[in-house]
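*Asks:* The structure that follows is given in the form of structure tokens.
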Amino acid sequence: MSEAAENFSVPKGALIGAAAIVLFAIGAGATVRLTGYGHSHMTPPAVVESVDLTFEDSPDGLVNIYRASDHSLVRSIHPGESGFVRVAMRGLARERMLAGVGAAPPFVLARHSNGQYTLTDTATRKVLDLNAFGADNLRAFSQLMPGPTVGTANDKQTNDKHKDGSQ
């Protein structure tokens, strides 16, 4: 080996500077975490419509979705259908299992004033922004709401435009 490689040393000032940066980052993170100062939090828009739902797996592979208020069946999802609904609910059910919560507390499916849809687990307070998963996946959940499905009004406007030859 060369003599320069054997006598390699880092200047003391550089080590002190690096340690100061690391300590500052840890201190800033701890301050935000403990005090909430500097933490940004977005307030969700007003809820326009919501429904409390419970989900139950049946022995034959169906996922039955019930309105929590009167236990009326909203929809049954057959094996191979609505993969996104199944995956989203499995993830939320796993979090409930880790928290020691059963399937009894309902989930709240909500449509907000800005068109955003959220699914909130009332037991763990986990909130899924369903718009983040794309239009097709959003439509799978919006079909569980009592009102019109997402995309139906837009689809009608698009079809009407094409009928008259406009783009």
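Following the order of the structure tokens, first chain is A, next is B, and so on, with residues numbered from 1 inside each chain and ligands from 1 in the order they appear.
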What lies within 12 Å of A:Ala93 using only C-alpha atoms, ignoring chain neighbours under 4 positions off, as a list in words?

*Replies:*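 Here the qualifying residues turn out to be Thr54, Phe55, Glu56, Asp57, Val85, Arg86, Val87, Ala88, Met89, Met97, Leu98, Ala99, Gly100, Val101, Gly102, Ala103, Ala104, Pro105, Pro106, Phe107, Asp121, Thr122, Ala123, Thr124 and Lys126 of chain A.
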
*Asks:* List the neighbours of A:Gln116 out to 8 Å using only C-alpha atoms; skip same-chain residues closer than 2 positions along the sequence, and give me the result as a compact mmCIF listing (two decimals) with N, CA and C atoms, in the first residue's frame.

*Replies:*
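The resulting file, part_17.txt, is reproduced below:
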# COMPACT_ATOMS: atom_id res chain seq x y z
N ARG A 111 -67.72 10.70 1.19
CA ARG A 111 -67.46 11.54 0.02
C ARG A 111 -67.39 12.97 0.54
N HIS A 112 -66.32 13.67 0.17
CA HIS A 112 -66.10 15.03 0.65
C HIS A 112 -66.52 16.05 -0.40
N SER A 113 -66.61 17.30 0.03
CA SER A 113 -67.12 18.37 -0.84
C SER A 113 -66.24 18.59 -2.08
N ASN A 114 -64.98 18.20 -2.03
CA ASN A 114 -64.09 18.39 -3.18
C ASN A 114 -64.05 17.15 -4.09
N THR A 118 -62.86 8.93 1.13
CA THR A 118 -61.99 8.34 2.14
C THR A 118 -62.69 7.15 2.78
N ASP A 129 -57.10 7.47 1.58
CA ASP A 129 -57.56 8.41 0.57
C ASP A 129 -57.75 7.58 -0.70
N LEU A 130 -58.97 7.25 -1.02
CA LEU A 130 -59.25 6.33 -2.14
C LEU A 130 -58.95 6.95 -3.49
N ASN A 131 -58.96 8.27 -3.61
CA ASN A 131 -58.64 8.93 -4.88
C ASN A 131 -57.20 8.66 -5.30
